[in-house]
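Chemist: To be precise about what I am sending: the file is called coords34.txt and holds compact mmCIF, C-alpha atoms.
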# COMPACT_ATOMS: atom_id res chain seq x y z
CA MET E 1 -54.20 75.99 -48.42
CA ARG E 2 -57.26 74.88 -46.65
CA TRP E 3 -55.18 72.91 -44.21
CA LYS E 4 -53.37 75.93 -43.09
CA ILE E 5 -56.17 76.97 -40.73
CA TRP E 6 -55.58 73.96 -38.54
CA THR E 7 -51.99 74.86 -37.95
CA THR E 8 -52.81 78.25 -36.46
CA PRO E 9 -53.33 78.62 -32.71
CA ARG E 10 -57.03 79.11 -33.19
CA GLY E 11 -57.26 75.96 -35.35
CA ARG E 12 -55.37 73.93 -32.78
CA LEU E 13 -57.83 75.15 -30.14
CA TRP E 14 -60.71 73.92 -32.28
CA ILE E 15 -59.00 70.55 -32.65
CA ARG E 16 -58.46 70.32 -28.89
CA LEU E 17 -62.07 71.33 -28.16
CA THR E 18 -63.38 68.81 -30.69
CA VAL E 19 -61.27 66.02 -29.22
CA ALA E 20 -62.36 67.03 -25.69
CA VAL E 21 -66.03 67.00 -26.75
CA LEU E 22 -65.56 63.59 -28.37
CA PHE E 23 -63.95 62.27 -25.17
CA MET E 24 -66.81 63.70 -23.10
CA LEU E 25 -69.40 62.12 -25.40
CA ASP E 26 -67.51 58.83 -25.22
CA GLY E 27 -67.47 59.09 -21.41
CA ALA E 28 -71.19 59.88 -21.35
CA LEU E 29 -71.89 56.86 -23.54
CA LEU E 30 -69.76 54.74 -21.24
CA ILE E 31 -71.74 55.97 -18.20
CA VAL E 32 -75.08 55.31 -19.96
CA ARG E 33 -73.96 51.81 -20.94
CA TRP E 34 -72.79 51.12 -17.38
CA HIS E 35 -76.13 52.35 -16.00
CA LEU E 36 -78.08 50.14 -18.44
CA ALA E 37 -75.94 47.12 -17.53
CA ARG E 38 -76.62 47.71 -13.83
CA GLN E 39 -80.32 48.01 -14.54
CA GLU E 40 -80.33 44.74 -16.53
CA SER E 41 -78.43 42.95 -13.79
CA ARG E 42 -80.94 44.25 -11.21
CA GLN E 43 -83.79 42.90 -13.31
CA ALA E 44 -82.01 39.56 -13.69
CA LEU E 45 -81.43 39.43 -9.94
CA ALA E 46 -85.09 40.27 -9.32
CA LEU E 47 -86.13 37.36 -11.57
CA GLN E 48 -83.73 35.04 -9.76
CA VAL E 49 -85.17 36.15 -6.43
CA GLN E 50 -88.71 35.48 -7.69
CA ASP E 51 -87.68 32.01 -8.90
CA ALA E 52 -85.98 31.26 -5.59
CA GLU E 53 -89.06 32.41 -3.67
CA GLY E 54 -91.25 30.16 -5.83
CA GLN E 55 -88.97 27.20 -5.17
CA LEU E 56 -89.00 28.01 -1.47
CA ARG E 57 -92.81 28.02 -1.43
CA LEU E 58 -92.84 24.68 -3.27
CA LEU E 59 -90.33 23.14 -0.87
CA ARG E 60 -92.26 24.43 2.12
CA SER E 61 -95.48 22.86 0.80
CA GLU E 62 -93.66 19.55 0.24
CA VAL E 63 -92.25 19.66 3.77
CA GLN E 64 -95.75 20.35 5.10
CA ARG E 65 -97.14 17.40 3.12
CA ALA E 66 -94.34 15.16 4.41
CA ARG E 67 -95.11 16.24 7.98
CA SER E 68 -98.78 15.40 7.52
CA VAL E 69 -97.83 11.96 6.16
CA ARG E 70 -95.51 11.45 9.14
CA ASP E 71 -98.34 12.44 11.49
CA ARG E 72 -100.69 9.96 9.80
CA LEU E 73 -98.21 7.06 9.84
CA PRO E 74 -99.58 5.45 13.02
CA GLU E 75 -103.09 5.48 11.56
CA LEU E 76 -101.83 4.07 8.26
CA ALA E 77 -99.84 1.38 10.06
CA ALA E 78 -102.95 0.38 12.02
CA ARG E 79 -104.97 0.21 8.81
CA CYS E 80 -102.26 -1.91 7.15
CA ASP E 81 -102.22 -4.26 10.14
CA GLN E 82 -106.01 -4.50 9.97
CA PHE E 83 -105.84 -5.28 6.24
CA TYR E 84 -103.10 -7.85 6.85
CA ALA E 85 -105.08 -9.58 9.60
CA GLY E 86 -108.40 -9.48 7.76
CA SER E 87 -107.38 -10.26 4.19
CA PHE E 88 -104.95 -13.12 4.65
CA MET E 89 -105.84 -16.47 6.15
CA PRO E 90 -103.83 -17.57 9.15
CA ALA E 91 -101.36 -20.35 8.39
CA SER E 92 -102.73 -22.23 11.41
CA GLY E 93 -105.97 -22.84 9.47
CA GLY E 94 -103.96 -24.43 6.67
CA TYR E 95 -105.46 -25.93 3.56
CA ALA E 96 -108.55 -27.04 5.48
CA GLY E 97 -109.48 -23.41 6.12
CA LEU E 98 -108.87 -22.58 2.47
CA MET E 99 -111.00 -25.51 1.30
CA ALA E 100 -113.75 -24.54 3.73
CA ASP E 101 -113.70 -20.93 2.48
CA LEU E 102 -113.91 -21.96 -1.19
CA GLY E 103 -116.45 -24.71 -0.39
CA GLU E 104 -118.71 -22.25 1.41
CA LEU E 105 -118.54 -19.87 -1.55
CA ALA E 106 -119.25 -22.71 -4.00
CA GLY E 107 -122.24 -23.85 -1.90
CA LYS E 108 -123.72 -20.32 -1.87
CA THR E 109 -123.41 -19.91 -5.63
CA GLY E 110 -124.39 -23.44 -6.72
CA VAL E 111 -121.04 -24.32 -8.29
CA VAL E 112 -119.32 -27.66 -7.88
CA VAL E 113 -115.56 -27.42 -7.40
CA ASN E 114 -113.63 -30.56 -8.37
CA GLY E 115 -109.99 -31.55 -8.25
CA LEU E 116 -108.66 -28.77 -6.04
CA ARG E 117 -104.88 -28.76 -5.99
CA PHE E 118 -102.68 -26.58 -3.81
CA GLU E 119 -99.10 -25.55 -4.34
CA GLN E 120 -97.24 -23.64 -1.66
CA LYS E 121 -94.53 -21.19 -2.73
CA GLU E 122 -91.58 -19.96 -0.69
CA ALA E 123 -92.16 -17.51 2.16
CA THR E 124 -92.24 -13.93 1.01
CA VAL E 125 -91.91 -10.65 2.88
CA ASN E 126 -93.23 -10.70 6.46
CA GLY E 127 -93.50 -14.48 6.40
CA MET E 128 -96.36 -14.49 3.91
CA ARG E 129 -96.75 -17.74 1.99
CA GLU E 130 -98.28 -17.76 -1.47
CA ILE E 131 -100.65 -20.65 -2.15
CA ALA E 132 -101.52 -21.45 -5.78
CA VAL E 133 -104.93 -23.12 -6.14
CA SER E 134 -106.21 -24.88 -9.25
CA GLY E 135 -109.37 -26.85 -9.91
CA VAL E 136 -112.41 -27.27 -12.14
CA LEU E 137 -115.64 -25.31 -11.70
CA GLU E 138 -118.85 -26.91 -12.87
CA GLY E 139 -122.25 -25.23 -13.01
CA THR E 140 -124.46 -22.93 -15.02
CA SER E 141 -122.91 -19.86 -16.56
CA GLN E 142 -124.76 -17.68 -14.03
CA SER E 143 -123.55 -19.74 -11.05
CA VAL E 144 -119.94 -19.62 -12.32
CA LEU E 145 -120.27 -15.84 -12.72
CA ASN E 146 -121.68 -15.59 -9.17
CA PHE E 147 -118.74 -17.68 -7.89
CA LEU E 148 -116.25 -15.33 -9.55
CA GLN E 149 -118.04 -12.31 -8.09
CA GLY E 150 -117.94 -14.05 -4.70
CA ILE E 151 -114.16 -14.48 -5.03
CA GLU E 152 -113.86 -10.80 -5.86
CA GLN E 153 -115.89 -9.79 -2.80
CA ALA E 154 -114.56 -12.46 -0.43
CA ARG E 155 -113.26 -11.56 3.01
CA HIS E 156 -109.89 -13.09 2.19
CA LEU E 157 -107.74 -12.00 -0.70
CA TYR E 158 -107.86 -14.16 -3.83
CA VAL E 159 -106.10 -13.27 -7.06
CA LEU E 160 -107.53 -14.89 -10.17
CA ASP E 161 -104.70 -15.98 -12.46
CA SER E 162 -106.60 -17.72 -15.23
CA LEU E 163 -110.00 -19.06 -16.15
CA SER E 164 -110.53 -21.22 -19.22
CA LEU E 165 -113.46 -23.10 -20.67
CA THR E 166 -112.96 -26.87 -20.91
CA ALA E 167 -114.11 -28.89 -23.89
CA GLY E 168 -117.51 -30.45 -23.45
CA THR E 169 -121.21 -29.99 -23.93
CA ALA E 170 -123.00 -26.67 -23.52
CA ALA E 171 -124.55 -27.40 -20.12
CA PRO E 172 -123.24 -27.52 -17.45
CA VAL E 173 -120.31 -25.18 -17.98
CA LYS E 174 -116.90 -26.53 -16.96
CA MET E 175 -114.04 -24.13 -16.42
CA ASN E 176 -110.45 -24.58 -15.32
CA LEU E 177 -109.67 -22.17 -12.51
CA ARG E 178 -106.26 -21.01 -11.35
CA LEU E 179 -105.89 -18.49 -8.54
CA HIS E 180 -103.62 -17.74 -5.62
CA THR E 181 -103.97 -16.49 -2.09
CA TYR E 182 -101.69 -15.95 0.88
CA PHE E 183 -101.27 -17.37 4.38
CA ARG E 184 -99.97 -15.16 7.15
Please express what this file holds, its structure, as structure tokens.
Modeler:
Amino acid sequence: MRWKIWTTPRGRLWIRLTVAVLFMLDGALLIVRWHLARQESRQALALQVQDAEGQLRLLRSEVQRARSVRDRLPELAARCDQFYAGSFMPASGGYAGLMADLGELAGKTGVVVNGLRFEQKEATVNGMREIAVSGVLEGTSQSVLNFLQGIEQARHLYVLDSLSLTAGTAAPVKMNLRLHTYFR
């Protein structure tokens, strides 16, 4: 008998009002959810805008750095040309110029250089020619060390490939030397 109340007009009104209230609550929840979704998307868009602005600042700084490099290129090219002209022996001087350079260094340091051999490699970039030099250094340990420091500080570029002690007595020191340089 308890169900009889819902079949009366007043009971049906209660059912309709309850359903209407439920629909209204459902609609309100739908509106709240839609509002929250819009708010989250706005926050996501704000983060994307911040990331994009950060990338823009980074790209602008890289463009600025590239422009400064471009502006300095003539100066850098002049410095490279100066290095090229000052560090590499002219090919016109040939092996005589190379021998004179090493002989002068040996004379200053008190080292005797014997059995110099030269081997010319193929032309490289910009017509540079690599020259491999090998020989035997003979002198005191201090004079050999001074010779090596002189090679390191020489006007022309020398690259030391190997240095090995030869068999023999303690004094004077004999060392096999292998280095290379370049002709321009």
Chemist: So which residues touch stretch 104-114 of chain E within 9 Å, counting all atoms listed in the file, skipping near sequence neighbours fewer than 5 positions away, as a list of chain:residue names?
Modeler: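 Once the nearby chain positions are removed, what remains is E:Met99, E:Gly135, E:Val136, E:Leu137, E:Glu138, E:Gly139, E:Thr140, E:Gln142, E:Ser143, E:Val144, E:Leu145, E:Asn146, E:Phe147, E:Gly150, E:Ile151, E:Ala154.
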Chemist: Can you tell me, as a count of residues only, what residues are no more than 7 Å from E:Arg178 when counting all atoms listed in the file, ignoring any on the same chain fewer than 2 positions away?
Modeler: 8
Chemist: Taking into account all atoms listed in the file, which residue in the set E:Phe118, E:Phe23, E:Trp14, E:Trp34 is nearest to E:Leu98?
Modeler: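 Under the stated criterion, the closest residue is E:Phe118.
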Chemist: Rounded to one decimal in Å, what is the spacing between atom CA of E:Pro9 and atom CA of E:Met24?
Modeler: 22.3 Å
Chemist: Would you compute the distance between atom CA of E:His180 and atom CA of E:Glu119? Give it in Å to one decimal.
Modeler: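 Separation between atom CA of E:His180 and atom CA of E:Glu119: 9.1 Å.
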Chemist: How many Å lie between atom CA of E:Phe88 and atom CA of E:Asp101, rounded to one decimal?
Modeler: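 Distance between the two atoms: 11.9 Å.
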Chemist: Using only C-alpha atoms, pick whichever of E:Asp81, E:Glu75, E:Glu130, E:Asp51 has the shortest atom-to-atom distance to E:Tyr158.
Modeler: E:Glu130
Chemist: Determine the nearest neighbour of E:Arg117 from the options E:Val159, E:Ala100, E:Leu179, E:Leu59, counting only C-alpha atoms.
Modeler: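 The shortest atom-to-atom distance to E:Arg117 comes from E:Leu179.
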Chemist: For stretch 181-183 of chain E, work out the shell of residues within 9 Å, counting all atoms listed in the file and skipping chain neighbours fewer than 6 positions away, then give it as a list in words.
Modeler: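 Contacts, with the query itself left out: Ser87, Phe88, Met89, Pro90, Ala91, Ser92, Gly93, Gly94, Gly127, Met128, Arg129, Glu130, Ile131, Ala132, Val133, His156, Leu157, Tyr158, Val159 and Leu160 of chain E.
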Chemist: Given 6 Å of margin on each side, can you work out the centre and size in Å (one decimal) of an axis-aligned box holding every listed atom of stretch 68-87 of chain E, as AutoDock Vina command-line options?
Modeler:
--center_x -102.0 --center_y 2.6 --center_z 8.6 --size_x 24.9 --size_y 37.7 --size_z 20.8
Chemist: Looking at all atoms listed in the file, which of E:Leu102, E:Ile31, E:Ala44, E:Val21 is the one that sits closest to E:Leu148?
Modeler: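 Going through E:Leu102, E:Ile31, E:Ala44, E:Val21 one by one, the smallest distance to E:Leu148 is for E:Leu102.
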Chemist: From the structure block, carefully write stretch 28-166 of chain E out with C-alpha atoms; format it as a PDB file, in the first residue's frame.
Modeler:
ATOM      1  CA  ALA E  28      24.626  22.488 -12.972  1.00  0.00           C
ATOM      2  CA  LEU E  29      27.291  19.793 -12.688  1.00  0.00           C
ATOM      3  CA  LEU E  30      27.698  19.848 -16.450  1.00  0.00           C
ATOM      4  CA  ILE E  31      28.163  23.649 -16.389  1.00  0.00           C
ATOM      5  CA  VAL E  32      30.697  23.418 -13.522  1.00  0.00           C
ATOM      6  CA  ARG E  33      32.639  20.710 -15.364  1.00  0.00           C
ATOM      7  CA  TRP E  34      32.615  22.780 -18.559  1.00  0.00           C
ATOM      8  CA  HIS E  35      33.851  25.835 -16.630  1.00  0.00           C
ATOM      9  CA  LEU E  36      36.666  23.817 -15.004  1.00  0.00           C
ATOM     10  CA  ALA E  37      37.695  22.384 -18.385  1.00  0.00           C
ATOM     11  CA  ARG E  38      37.867  25.886 -19.861  1.00  0.00           C
ATOM     12  CA  GLN E  39      39.937  27.045 -16.911  1.00  0.00           C
ATOM     13  CA  GLU E  40      42.366  24.118 -17.312  1.00  0.00           C
ATOM     14  CA  SER E  41      42.690  24.762 -21.031  1.00  0.00           C
ATOM     15  CA  ARG E  42      43.406  28.444 -20.319  1.00  0.00           C
ATOM     16  CA  GLN E  43      46.149  27.443 -17.896  1.00  0.00           C
ATOM     17  CA  ALA E  44      47.577  25.002 -20.434  1.00  0.00           C
ATOM     18  CA  LEU E  45      47.517  27.706 -23.097  1.00  0.00           C
ATOM     19  CA  ALA E  46      49.212  30.135 -20.704  1.00  0.00           C
ATOM     20  CA  LEU E  47      51.993  27.583 -20.115  1.00  0.00           C
ATOM     21  CA  GLN E  48      52.366  27.049 -23.853  1.00  0.00           C
ATOM     22  CA  VAL E  49      52.596  30.804 -24.371  1.00  0.00           C
ATOM     23  CA  GLN E  50      55.290  31.050 -21.677  1.00  0.00           C
ATOM     24  CA  ASP E  51      57.250  28.203 -23.301  1.00  0.00           C
ATOM     25  CA  ALA E  52      56.933  29.822 -26.716  1.00  0.00           C
ATOM     26  CA  GLU E  53      58.096  33.173 -25.328  1.00  0.00           C
ATOM     27  CA  GLY E  54      61.102  31.466 -23.728  1.00  0.00           C
ATOM     28  CA  GLN E  55      61.982  29.791 -27.016  1.00  0.00           C
ATOM     29  CA  LEU E  56      61.568  33.111 -28.805  1.00  0.00           C
ATOM     30  CA  ARG E  57      63.981  34.796 -26.378  1.00  0.00           C
ATOM     31  CA  LEU E  58      66.476  31.961 -26.882  1.00  0.00           C
ATOM     32  CA  LEU E  59      66.212  32.170 -30.667  1.00  0.00           C
ATOM     33  CA  ARG E  60      66.597  35.939 -30.581  1.00  0.00           C
ATOM     34  CA  SER E  61      69.774  35.629 -28.494  1.00  0.00           C
ATOM     35  CA  GLU E  62      71.149  33.029 -30.931  1.00  0.00           C
ATOM     36  CA  VAL E  63      70.360  35.302 -33.878  1.00  0.00           C
ATOM     37  CA  GLN E  64      72.110  38.163 -32.086  1.00  0.00           C
ATOM     38  CA  ARG E  65      75.158  35.973 -31.453  1.00  0.00           C
ATOM     39  CA  ALA E  66      75.188  34.881 -35.101  1.00  0.00           C
ATOM     40  CA  ARG E  67      75.035  38.514 -36.202  1.00  0.00           C
ATOM     41  CA  SER E  68      77.977  39.397 -33.975  1.00  0.00           C
ATOM     42  CA  VAL E  69      79.963  36.485 -35.446  1.00  0.00           C
ATOM     43  CA  ARG E  70      79.050  37.660 -38.959  1.00  0.00           C
ATOM     44  CA  ASP E  71      80.197  41.177 -38.059  1.00  0.00           C
ATOM     45  CA  ARG E  72      83.511  39.823 -36.742  1.00  0.00           C
ATOM     46  CA  LEU E  73      84.184  37.593 -39.764  1.00  0.00           C
ATOM     47  CA  PRO E  74      86.461  40.086 -41.562  1.00  0.00           C
ATOM     48  CA  GLU E  75      88.582  40.442 -38.417  1.00  0.00           C
ATOM     49  CA  LEU E  76      88.705  36.670 -37.954  1.00  0.00           C
ATOM     50  CA  ALA E  77      89.615  36.151 -41.609  1.00  0.00           C
ATOM     51  CA  ALA E  78      92.458  38.664 -41.259  1.00  0.00           C
ATOM     52  CA  ARG E  79      93.700  36.886 -38.142  1.00  0.00           C
ATOM     53  CA  CYS E  80      93.538  33.517 -39.925  1.00  0.00           C
ATOM     54  CA  ASP E  81      95.479  34.937 -42.863  1.00  0.00           C
ATOM     55  CA  GLN E  82      98.053  36.346 -40.449  1.00  0.00           C
ATOM     56  CA  PHE E  83      98.355  32.958 -38.720  1.00  0.00           C
ATOM     57  CA  TYR E  84      98.640  31.208 -42.084  1.00  0.00           C
ATOM     58  CA  ALA E  85     101.369  33.564 -43.289  1.00  0.00           C
ATOM     59  CA  GLY E  86     103.293  33.563 -40.015  1.00  0.00           C
ATOM     60  CA  SER E  87     103.062  29.933 -38.928  1.00  0.00           C
ATOM     61  CA  PHE E  88     103.766  28.077 -42.147  1.00  0.00           C
ATOM     62  CA  MET E  89     106.993  28.301 -44.098  1.00  0.00           C
ATOM     63  CA  PRO E  90     106.729  29.384 -47.696  1.00  0.00           C
ATOM     64  CA  ALA E  91     107.272  26.569 -50.182  1.00  0.00           C
ATOM     65  CA  SER E  92     109.755  28.817 -52.005  1.00  0.00           C
ATOM     66  CA  GLY E  93     112.174  28.411 -49.068  1.00  0.00           C
ATOM     67  CA  GLY E  94     111.988  24.646 -49.470  1.00  0.00           C
ATOM     68  CA  TYR E  95     113.925  22.177 -47.388  1.00  0.00           C
ATOM     69  CA  ALA E  96     116.841  24.599 -47.086  1.00  0.00           C
ATOM     70  CA  GLY E  97     114.661  27.006 -45.107  1.00  0.00           C
ATOM     71  CA  LEU E  98     113.434  24.157 -42.931  1.00  0.00           C
ATOM     72  CA  MET E  99     116.984  22.935 -42.283  1.00  0.00           C
ATOM     73  CA  ALA E 100     118.108  26.478 -41.490  1.00  0.00           C
ATOM     74  CA  ASP E 101     115.221  26.927 -39.029  1.00  0.00           C
ATOM     75  CA  LEU E 102     115.953  23.656 -37.217  1.00  0.00           C
ATOM     76  CA  GLY E 103     119.730  24.265 -37.401  1.00  0.00           C
ATOM     77  CA  GLU E 104     119.354  27.697 -35.813  1.00  0.00           C
ATOM     78  CA  LEU E 105     117.249  26.218 -33.020  1.00  0.00           C
ATOM     79  CA  ALA E 106     119.767  23.401 -32.487  1.00  0.00           C
ATOM     80  CA  GLY E 107     122.646  25.919 -32.363  1.00  0.00           C
ATOM     81  CA  LYS E 108     120.855  28.025 -29.724  1.00  0.00           C
ATOM     82  CA  THR E 109     120.148  25.035 -27.484  1.00  0.00           C
ATOM     83  CA  GLY E 110     123.437  23.136 -27.926  1.00  0.00           C
ATOM     84  CA  VAL E 111     121.909  20.071 -29.568  1.00  0.00           C
ATOM     85  CA  VAL E 112     123.425  18.283 -32.535  1.00  0.00           C
ATOM     86  CA  VAL E 113     120.883  17.137 -35.120  1.00  0.00           C
ATOM     87  CA  ASN E 114     122.047  14.245 -37.308  1.00  0.00           C
ATOM     88  CA  GLY E 115     120.504  12.356 -40.195  1.00  0.00           C
ATOM     89  CA  LEU E 116     117.638  14.693 -41.008  1.00  0.00           C
ATOM     90  CA  ARG E 117     115.240  13.095 -43.467  1.00  0.00           C
ATOM     91  CA  PHE E 118     112.281  14.791 -45.110  1.00  0.00           C
ATOM     92  CA  GLU E 119     109.185  13.239 -46.601  1.00  0.00           C
ATOM     93  CA  GLN E 120     106.682  15.364 -48.456  1.00  0.00           C
ATOM     94  CA  LYS E 121     103.019  14.341 -48.373  1.00  0.00           C
ATOM     95  CA  GLU E 122     100.311  15.207 -50.882  1.00  0.00           C
ATOM     96  CA  ALA E 123      98.932  18.746 -51.006  1.00  0.00           C
ATOM     97  CA  THR E 124      96.157  19.327 -48.539  1.00  0.00           C
ATOM     98  CA  VAL E 125      93.509  22.025 -48.275  1.00  0.00           C
ATOM     99  CA  ASN E 126      94.575  25.453 -49.579  1.00  0.00           C
ATOM    100  CA  GLY E 127      97.664  23.972 -51.206  1.00  0.00           C
ATOM    101  CA  MET E 128      99.346  23.208 -47.890  1.00  0.00           C
ATOM    102  CA  ARG E 129     102.002  20.504 -48.073  1.00  0.00           C
ATOM    103  CA  GLU E 130     102.804  18.383 -45.049  1.00  0.00           C
ATOM    104  CA  ILE E 131     106.503  17.677 -44.522  1.00  0.00           C
ATOM    105  CA  ALA E 132     107.480  14.805 -42.202  1.00  0.00           C
ATOM    106  CA  VAL E 133     110.902  15.310 -40.605  1.00  0.00           C
ATOM    107  CA  SER E 134     112.916  12.649 -38.793  1.00  0.00           C
ATOM    108  CA  GLY E 135     116.396  12.679 -37.328  1.00  0.00           C
ATOM    109  CA  VAL E 136     118.529  12.028 -34.257  1.00  0.00           C
ATOM    110  CA  LEU E 137     119.084  14.587 -31.493  1.00  0.00           C
ATOM    111  CA  GLU E 138     122.282  14.381 -29.511  1.00  0.00           C
ATOM    112  CA  GLY E 139     123.127  16.433 -26.435  1.00  0.00           C
ATOM    113  CA  THR E 140     122.647  16.717 -22.710  1.00  0.00           C
ATOM    114  CA  SER E 141     119.214  16.066 -21.302  1.00  0.00           C
ATOM    115  CA  GLN E 142     118.836  19.788 -20.552  1.00  0.00           C
ATOM    116  CA  SER E 143     119.817  20.812 -24.100  1.00  0.00           C
ATOM    117  CA  VAL E 144     117.374  18.280 -25.598  1.00  0.00           C
ATOM    118  CA  LEU E 145     114.642  19.649 -23.323  1.00  0.00           C
ATOM    119  CA  ASN E 146     115.527  23.210 -24.402  1.00  0.00           C
ATOM    120  CA  PHE E 147     115.351  22.116 -28.060  1.00  0.00           C
ATOM    121  CA  LEU E 148     111.875  20.668 -27.535  1.00  0.00           C
ATOM    122  CA  GLN E 149     110.742  23.852 -25.790  1.00  0.00           C
ATOM    123  CA  GLY E 150     112.208  25.819 -28.704  1.00  0.00           C
ATOM    124  CA  ILE E 151     110.127  23.739 -31.152  1.00  0.00           C
ATOM    125  CA  GLU E 152     107.056  24.450 -29.063  1.00  0.00           C
ATOM    126  CA  GLN E 153     107.719  28.203 -29.082  1.00  0.00           C
ATOM    127  CA  ALA E 154     109.070  28.437 -32.645  1.00  0.00           C
ATOM    128  CA  ARG E 155     107.731  30.998 -35.081  1.00  0.00           C
ATOM    129  CA  HIS E 156     106.740  28.260 -37.502  1.00  0.00           C
ATOM    130  CA  LEU E 157     104.379  25.453 -36.636  1.00  0.00           C
ATOM    131  CA  TYR E 158     105.966  22.107 -35.750  1.00  0.00           C
ATOM    132  CA  VAL E 159     103.986  19.118 -34.534  1.00  0.00           C
ATOM    133  CA  LEU E 160     105.979  16.578 -32.551  1.00  0.00           C
ATOM    134  CA  ASP E 161     104.910  13.063 -33.546  1.00  0.00           C
ATOM    135  CA  SER E 162     107.315  10.945 -31.518  1.00  0.00           C
ATOM    136  CA  LEU E 163     110.445  11.129 -29.442  1.00  0.00           C
ATOM    137  CA  SER E 164     112.285   8.010 -28.321  1.00  0.00           C
ATOM    138  CA  LEU E 165     115.519   7.346 -26.499  1.00  0.00           C
ATOM    139  CA  THR E 166     118.098   5.392 -28.501  1.00  0.00           C
TER     140      THR E 166
END
